[in-house]
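A.B. asks: Sharing model08.txt here; it has compact mmCIF, C-alpha atoms.
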# COMPACT_ATOMS: atom_id res chain seq x y z
CA MET A 305 58.86 65.76 2.56
CA SER A 306 55.30 67.00 2.68
CA GLU A 307 53.58 66.28 5.95
CA GLN A 308 49.93 65.38 5.89
CA VAL A 309 48.41 64.45 9.20
CA LYS A 310 46.01 61.55 8.94
CA LYS A 311 43.59 60.16 11.48
CA PHE A 312 44.72 56.68 12.50
CA LEU A 313 42.56 54.37 14.59
CA TYR A 314 43.94 51.20 16.11
CA VAL A 315 41.07 48.85 16.97
CA ASN A 316 41.75 46.33 19.74
CA ARG A 317 39.31 43.43 20.09
CA LYS A 318 41.38 40.69 21.73
CA ALA A 319 42.27 39.85 25.34
CA PRO A 320 45.94 40.34 26.23
CA TYR A 321 47.72 36.99 26.71
CA GLY A 322 45.75 34.29 24.85
CA THR A 323 46.98 35.55 21.49
CA ILE A 324 49.77 37.89 20.36
CA TYR A 325 47.40 40.50 18.89
CA ALA A 326 47.33 42.87 21.88
CA LEU A 327 51.10 43.06 22.24
CA GLU A 328 51.57 43.44 18.49
CA SER A 329 49.05 46.27 18.45
CA LEU A 330 50.87 48.09 21.23
CA GLU A 331 54.18 47.70 19.41
CA VAL A 332 52.74 49.05 16.16
CA VAL A 333 51.21 52.00 18.03
CA LEU A 334 54.59 52.81 19.59
CA ILE A 335 56.37 52.54 16.25
CA GLY A 336 53.66 54.57 14.53
CA ALA A 337 53.94 57.27 17.20
CA ALA A 338 57.18 58.40 15.53
CA PHE A 339 55.22 59.64 12.52
CA ASP A 340 53.27 62.48 14.17
CA GLN A 341 49.82 61.38 13.04
CA ASP A 342 46.48 61.91 14.77
CA VAL A 343 46.30 58.63 16.65
CA SER A 344 43.38 57.11 18.54
CA LEU A 345 43.04 53.69 20.12
CA ALA A 346 39.75 51.83 20.40
CA PHE A 347 39.13 49.04 22.91
CA ILE A 348 36.03 46.98 22.22
CA ASP A 349 34.84 43.42 22.88
CA ASP A 350 37.60 41.41 24.65
CA GLY A 351 40.00 44.28 23.90
CA VAL A 352 38.83 46.00 27.08
CA PHE A 353 40.63 43.27 29.05
CA GLN A 354 43.94 44.74 27.86
CA LEU A 355 43.53 47.71 30.17
CA THR A 356 42.64 45.96 33.43
CA LYS A 357 44.80 46.87 36.39
CA GLY A 358 46.68 44.37 38.54
CA GLN A 359 47.96 42.17 35.71
CA ASP A 360 50.71 39.81 36.94
CA THR A 361 52.17 37.38 34.41
CA LYS A 362 55.04 35.99 36.49
CA GLU A 363 53.57 32.50 36.61
CA ILE A 364 52.71 32.17 32.93
CA GLY A 365 56.18 33.04 31.66
CA VAL A 366 55.29 35.89 29.35
CA LYS A 367 56.03 39.58 29.56
CA ASN A 368 53.51 41.73 31.38
CA PHE A 369 53.14 44.55 28.87
CA SER A 370 50.32 46.34 30.69
CA PRO A 371 52.64 49.01 32.23
CA THR A 372 53.52 50.05 28.67
CA TYR A 373 50.08 51.62 28.22
CA ARG A 374 51.14 54.20 30.81
CA ALA A 375 53.98 55.30 28.51
CA LEU A 376 51.66 56.11 25.59
CA GLY A 377 51.05 59.64 26.86
CA ASP A 378 54.75 60.46 26.48
CA TYR A 379 54.44 59.52 22.80
CA GLU A 380 51.46 61.86 22.37
CA VAL A 381 49.06 58.92 22.15
CA THR A 382 46.43 60.40 24.42
CA LYS A 383 43.07 59.19 23.12
CA LEU A 384 42.15 55.72 24.34
CA TYR A 385 38.48 55.12 23.65
CA VAL A 386 36.95 52.31 25.70
CA GLU A 387 33.47 51.06 24.89
CA LYS A 388 31.04 51.13 27.79
CA GLU A 389 28.87 48.24 26.56
CA SER A 390 31.92 45.99 26.18
CA LEU A 391 32.87 46.70 29.81
CA ILE A 392 29.35 46.04 31.09
CA GLU A 393 28.99 42.78 29.11
CA ARG A 394 32.11 41.53 30.90
CA GLY A 395 31.13 42.68 34.38
CA LEU A 396 33.78 45.41 34.38
CA SER A 397 33.65 49.07 35.28
CA THR A 398 36.13 51.91 34.85
CA ASP A 399 37.37 51.15 38.39
CA ASP A 400 38.80 47.88 37.02
CA LEU A 401 40.95 49.71 34.47
CA GLN A 402 44.40 51.21 34.90
CA GLU A 403 44.51 54.94 35.44
CA LEU A 404 46.17 56.32 32.34
CA THR A 405 47.06 59.98 32.03
CA TYR A 406 48.96 62.39 29.83
CA GLU A 407 50.32 65.87 30.32
CA ASP A 408 48.55 68.43 28.14
CA GLU A 409 51.15 70.74 26.65
CA ASP A 410 48.42 73.18 25.59
CA ASP A 411 47.15 73.49 29.15
CA ASP A 412 50.29 74.15 31.22
CA TRP A 413 51.11 70.42 31.26
CA ALA A 414 48.04 69.62 33.33
CA GLU A 415 47.63 65.90 33.95
CA LYS A 416 44.54 64.56 32.19
CA PRO A 417 42.96 61.12 31.77
CA SER A 418 43.73 59.31 28.49
CA ILE A 419 40.87 56.83 28.79
CA ARG A 420 37.59 58.06 27.38
CA ILE A 421 34.51 55.93 27.91
CA VAL A 422 32.18 55.98 24.90
CA SER A 423 28.99 54.21 23.88
CA ARG A 424 28.84 51.62 21.09
CA LYS A 425 27.10 54.19 18.91
CA GLU A 426 29.83 56.76 19.53
CA MET A 427 32.46 54.11 18.81
CA GLY A 428 30.83 53.37 15.46
CA GLU A 429 30.86 57.06 14.61
CA LEU A 430 34.51 57.31 15.62
CA MET A 431 35.35 54.40 13.29
CA GLY A 432 33.52 56.09 10.44
CA ASN A 433 35.59 59.24 10.88
CA GLN A 434 39.11 57.93 10.20
CA ASP A 435 41.57 57.97 7.35
CA VAL A 436 43.15 54.66 8.35
CA VAL A 437 41.83 51.86 10.52
CA LEU A 438 44.20 49.14 11.72
CA SER A 439 42.63 46.09 13.36
CA PHE A 440 44.11 43.80 15.98
CA MET B 1180 32.81 58.64 4.06
CA ALA B 1181 31.57 55.08 3.76
CA SER B 1182 33.77 52.22 4.93
CA LEU B 1183 34.27 48.70 3.68
CA HIS B 1184 34.28 46.10 6.46
CA THR B 1185 35.55 42.58 5.95
CA VAL B 1186 34.57 39.67 8.20
CA ASN B 1187 36.44 36.38 7.81
CA LYS B 1188 35.32 34.27 10.78
CA SER B 1189 32.20 32.17 11.35
CA PRO B 1190 29.62 34.05 13.44
CA PHE B 1191 28.93 30.79 15.27
CA SER B 1192 32.37 30.69 16.87
CA ILE B 1193 33.51 34.33 17.03
CA ASN B 1194 31.54 37.54 17.58
CA SER B 1195 33.27 39.64 14.91
CA LEU B 1196 30.27 39.78 12.55
CA LYS B 1197 27.94 40.82 15.37
CA SER B 1198 30.37 43.47 16.56
CA CYS B 1199 30.87 44.69 13.00
CA LEU B 1200 27.10 44.98 12.46
CA GLU B 1201 26.77 46.97 15.68
CA HIS B 1202 29.54 49.42 14.78
CA ALA B 1203 29.07 49.93 11.05
CA ASN B 1204 27.43 53.17 9.98
CA ASP B 1205 24.54 53.50 7.54
CA GLY B 1206 25.79 53.29 3.97
CA ASP B 1207 28.78 51.12 4.85
CA THR B 1208 29.46 47.83 3.07
CA ILE B 1209 30.20 44.52 4.79
CA LEU B 1210 31.98 41.89 2.73
CA LEU B 1211 31.80 38.34 4.07
CA ILE B 1212 34.88 36.30 3.15
CA GLU B 1213 36.40 32.92 4.09
CA ASP B 1214 34.43 31.44 7.03
CA GLY B 1215 32.67 34.79 7.30
CA ILE B 1216 30.32 33.72 4.50
CA TYR B 1217 28.43 31.53 6.99
CA GLY B 1218 27.04 34.81 8.31
CA ALA B 1219 24.98 35.06 5.11
CA LEU B 1220 23.03 31.85 5.81
CA LYS B 1221 19.29 32.08 6.23
CA GLY B 1222 17.54 30.22 9.03
CA SER B 1223 20.50 30.43 11.39
CA GLU B 1224 20.51 31.77 14.91
CA ILE B 1225 22.15 34.97 13.72
CA SER B 1226 20.29 35.48 10.44
CA GLN B 1227 17.64 37.80 11.88
CA ILE B 1228 20.33 40.12 13.24
CA VAL B 1229 21.94 40.17 9.79
CA ALA B 1230 18.63 40.56 7.93
CA ASP B 1231 17.70 43.57 10.06
CA LYS B 1232 20.77 45.41 8.75
CA ILE B 1233 20.17 44.73 5.06
CA GLY B 1234 19.10 48.03 3.55
CA SER B 1235 20.96 50.37 5.85
CA LEU B 1236 24.11 48.37 5.12
CA SER B 1237 25.17 46.68 1.91
CA ILE B 1238 26.04 43.07 2.76
CA ILE B 1239 27.98 41.06 0.22
CA ALA B 1240 29.36 37.50 0.26
CA LEU B 1241 32.35 36.27 -1.70
CA GLU B 1242 31.31 33.57 -4.19
CA PRO B 1243 34.56 31.56 -4.33
CA ASP B 1244 34.41 31.11 -0.55
CA MET B 1245 30.73 30.15 -0.75
CA LYS B 1246 31.37 27.60 -3.51
CA ALA B 1247 34.31 26.14 -1.63
CA ARG B 1248 32.00 25.50 1.31
CA GLY B 1249 29.04 24.20 -0.69
CA ILE B 1250 26.89 27.24 0.06
CA ASP B 1251 24.95 28.42 -2.99
CA SER B 1252 22.83 31.52 -3.37
CA SER B 1253 19.61 29.67 -2.48
CA LYS B 1254 20.91 29.19 1.06
CA ILE B 1255 21.63 32.83 1.81
CA LEU B 1256 19.44 35.66 3.02
CA THR B 1257 17.44 37.61 0.47
CA GLY B 1258 19.10 40.98 0.00
CA ILE B 1259 22.63 39.71 0.40
CA ILE B 1260 24.39 39.87 -2.92
CA THR B 1261 27.47 37.97 -4.00
CA THR B 1262 30.65 38.99 -5.74
CA ASN B 1263 33.89 37.50 -7.05
CA TYR B 1264 37.53 38.48 -6.58
CA ASP B 1265 37.31 41.26 -9.17
CA GLY B 1266 34.34 42.66 -7.27
CA PHE B 1267 36.34 42.46 -4.04
CA VAL B 1268 39.09 44.56 -5.65
CA GLU B 1269 36.56 47.10 -6.92
CA LEU B 1270 35.01 47.39 -3.47
CA ALA B 1271 38.40 47.93 -1.88
CA ALA B 1272 39.27 50.57 -4.45
CA LYS B 1273 36.07 52.57 -4.18
CA HIS B 1274 36.05 52.86 -0.38
CA ASP B 1275 38.31 55.31 1.46
CA VAL B 1276 38.75 53.04 4.44
CA CYS B 1277 38.80 49.27 4.76
CA GLN B 1278 38.36 47.83 8.23
CA ALA B 1279 39.10 44.16 8.84
CA TRP B 1280 37.21 42.47 11.68
CA LEU B 1281 39.72 39.80 12.64
Do you think you could lay out the structure here as structure tokens?
C.D. replies:
Amino acid sequence: MSEQVKKFLYVNRKAPYGTIYALESLEVVLIGAAFDQDVSLAFIDDGVFQLTKGQDTKEIGVKNFSPTYRALGDYEVTKLYVEKESLIERGLSTDDLQELTYEDEDDDWAEKPSIRIVSRKEMGELMGNQDVVLSF
Amino acid sequence: MASLHTVNKSPFSINSLKSCLEHANDGDTILLIEDGIYGALKGSEISQIVADKIGSLSIIALEPDMKARGIDSSKILTGIITTNYDGFVELAAKHDVCQAWL
């Protein structure tokens, strides 16, 4: 089978527990990771709430899937673009987000941050530079 | 590589049109469908934001959804054109990437 690597962008615009979108997105990303594509994740608007640290869902009776983001690096999903303006509009800073890292196999397995903070303009450019965009 | 963006929610209840307008690149096309067609209205609180993008972006509204909601062409911003389902298919076919703003 011929292998053509495509650029996939998963765009996340919803907060984590009010709707099923965030969890579904994460599941699709994990399934898609099996196909060795060039994967990026975008977190804009309420999507930035997906990455906050300290999530505890015990009292609302749903699964806390936030630890799963830490596993993405092991699936070679290492580019999580978070929009700065979306954070600021919601009173958040990078300190409010989980620390997500991956081990860079091209750099002696050095641990590097997966979260990359970008401006709205840069996010637009990123979106315009993809082969496939999947929205959640 | 121009993209086709679809927006299907009213801009008066959800920010997807605004976010789409802020992320789309020059030359992209935005197709307003379902409740998204309300974003084409003139004289609304969002119409100036939409009007400012006409020219750098191609903004199109889907006629069947307009008709269903009693919105005719006289009610929408100058510069926004309309299309039907065949036009929707053509737009989808001629763009490399289609991005839905849910």
A.B. asks: Which chain B residues are at most 9 Å from chain A (counting all atoms listed in the file), as a PyMOL selection string?
C.D. replies: chain B and resi 1180-1182+1194-1195+1198+1201-1204+1207+1275-1281
A.B. asks: Quick one: everything within 8 Å of range 332-345 of chain A, counting all atoms listed in the file, minus sequence neighbours fewer than 5 positions away in the same chain. Send it as a list in words.
C.D. replies: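 So, after excluding close chain neighbours, the residues are Val309, Lys310, Lys311, Phe312, Leu313, Tyr314, Val315, Asn316, Leu376, Tyr379, Glu380, Val381, Thr382, Lys383, Leu384 and Tyr385 of chain A.
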A.B. asks: Using C-alpha atoms, can you write the selected residues to a file as a CSV table (one decimal), in the frame of the given file?
C.D. replies:
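So the final result, stored in result30.csv, reads:
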chain,number,residue,atom,x,y,z
A,309,VAL,CA,48.4,64.4,9.2
A,310,LYS,CA,46.0,61.6,8.9
A,311,LYS,CA,43.6,60.2,11.5
A,312,PHE,CA,44.7,56.7,12.5
A,313,LEU,CA,42.6,54.4,14.6
A,314,TYR,CA,43.9,51.2,16.1
A,315,VAL,CA,41.1,48.8,17.0
A,316,ASN,CA,41.8,46.3,19.7
A,376,LEU,CA,51.7,56.1,25.6
A,379,TYR,CA,54.4,59.5,22.8
A,380,GLU,CA,51.5,61.9,22.4
A,381,VAL,CA,49.1,58.9,22.2
A,382,THR,CA,46.4,60.4,24.4
A,383,LYS,CA,43.1,59.2,23.1
A,384,LEU,CA,42.2,55.7,24.3
A,385,TYR,CA,38.5,55.1,23.6
A.B. asks: Between CA of Gly1222 in chain B and CA of Tyr1264 in chain B, what distance in Å does the model show, to one decimal?
C.D. replies: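 Computing the Euclidean distance for CA of Gly1222 in chain B and CA of Tyr1264 in chain B yields 26.7 Å.
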A.B. asks: Any idea what's packed within 6 Å of range 1224-1238 of chain B, counting all atoms listed in the file, ignoring anything in its chain fewer than 6 positions away? Could you give it as a list in words?
C.D. replies: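 Result of the neighbour search: Asp1205, Gly1206, Asp1207, Thr1208, Ile1209 and Ile1259 of chain B.
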A.B. asks: What is the distance between CA of Glu1269 in chain B and CA of Asp1251 in chain B, in Å to one decimal?
C.D. replies: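 A separation of 22.3 Å between them.
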A.B. asks: Dig up all the protein and nucleic acid residues within 10 Å of (48.2, 40.8, 23.1) in the file frame, using all atoms listed in the file, and format them as a compact mmCIF listing (two decimals) with C-alpha atoms, keeping the file's coordinate frame.
C.D. replies:
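File produced: point.txt:
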# COMPACT_ATOMS: atom_id res chain seq x y z
CA ASN A 316 41.75 46.33 19.74
CA ARG A 317 39.31 43.43 20.09
CA LYS A 318 41.38 40.69 21.73
CA ALA A 319 42.27 39.85 25.34
CA PRO A 320 45.94 40.34 26.23
CA TYR A 321 47.72 36.99 26.71
CA GLY A 322 45.75 34.29 24.85
CA THR A 323 46.98 35.55 21.49
CA ILE A 324 49.77 37.89 20.36
CA TYR A 325 47.40 40.50 18.89
CA ALA A 326 47.33 42.87 21.88
CA LEU A 327 51.10 43.06 22.24
CA GLU A 328 51.57 43.44 18.49
CA SER A 329 49.05 46.27 18.45
CA LEU A 330 50.87 48.09 21.23
CA GLU A 331 54.18 47.70 19.41
CA GLY A 351 40.00 44.28 23.90
CA PHE A 353 40.63 43.27 29.05
CA GLN A 354 43.94 44.74 27.86
CA ASN A 368 53.51 41.73 31.38
CA PHE A 369 53.14 44.55 28.87
CA SER A 370 50.32 46.34 30.69
CA PHE A 440 44.11 43.80 15.98
A.B. asks: Smallest atom-to-atom distance to Gly1249 in chain B: which of B:Lys1188, B:Lys1273, B:Ser1223, B:Ile1216, using only C-alpha atoms?
C.D. replies: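 Between B:Lys1188, B:Lys1273, B:Ser1223, B:Ile1216, the residue approaching Gly1249 in chain B most closely is B:Ile1216.
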A.B. asks: Write out as a list in words each polymer residue whose atoms come within 9 Å of Tyr373 in chain A, counting all atoms listed in the file; drop sequence neighbours fewer than 6 positions from it.
C.D. replies: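 Answer for this query is Leu330, Leu355, Gln402 and Leu404 of chain A.
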A.B. asks: State, in Å with one decimal place, the distance from CA of Ala1240 in chain B to CA of Ala1272 in chain B.
C.D. replies: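 The value is 17.1 Å.
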A.B. asks: Pick out the closest residue to Leu1256 in chain B from this set: B:Ala1219, B:Ile1239, B:Ile1212, B:Leu1270. Count only C-alpha atoms.
C.D. replies: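 Selected residue with least distance to Leu1256 in chain B: B:Ala1219.
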A.B. asks: For range 312-320 of chain A, take all atoms listed in the file, fit an axis-aligned box around them, add 6 Å to each of the six sides, then output centre and edge lengths in Å rounded to one decimal, as AutoDock Vina command-line options.
C.D. replies:
--center_x 42.6 --center_y 48.3 --center_z 19.4 --size_x 18.6 --size_y 28.8 --size_z 25.7
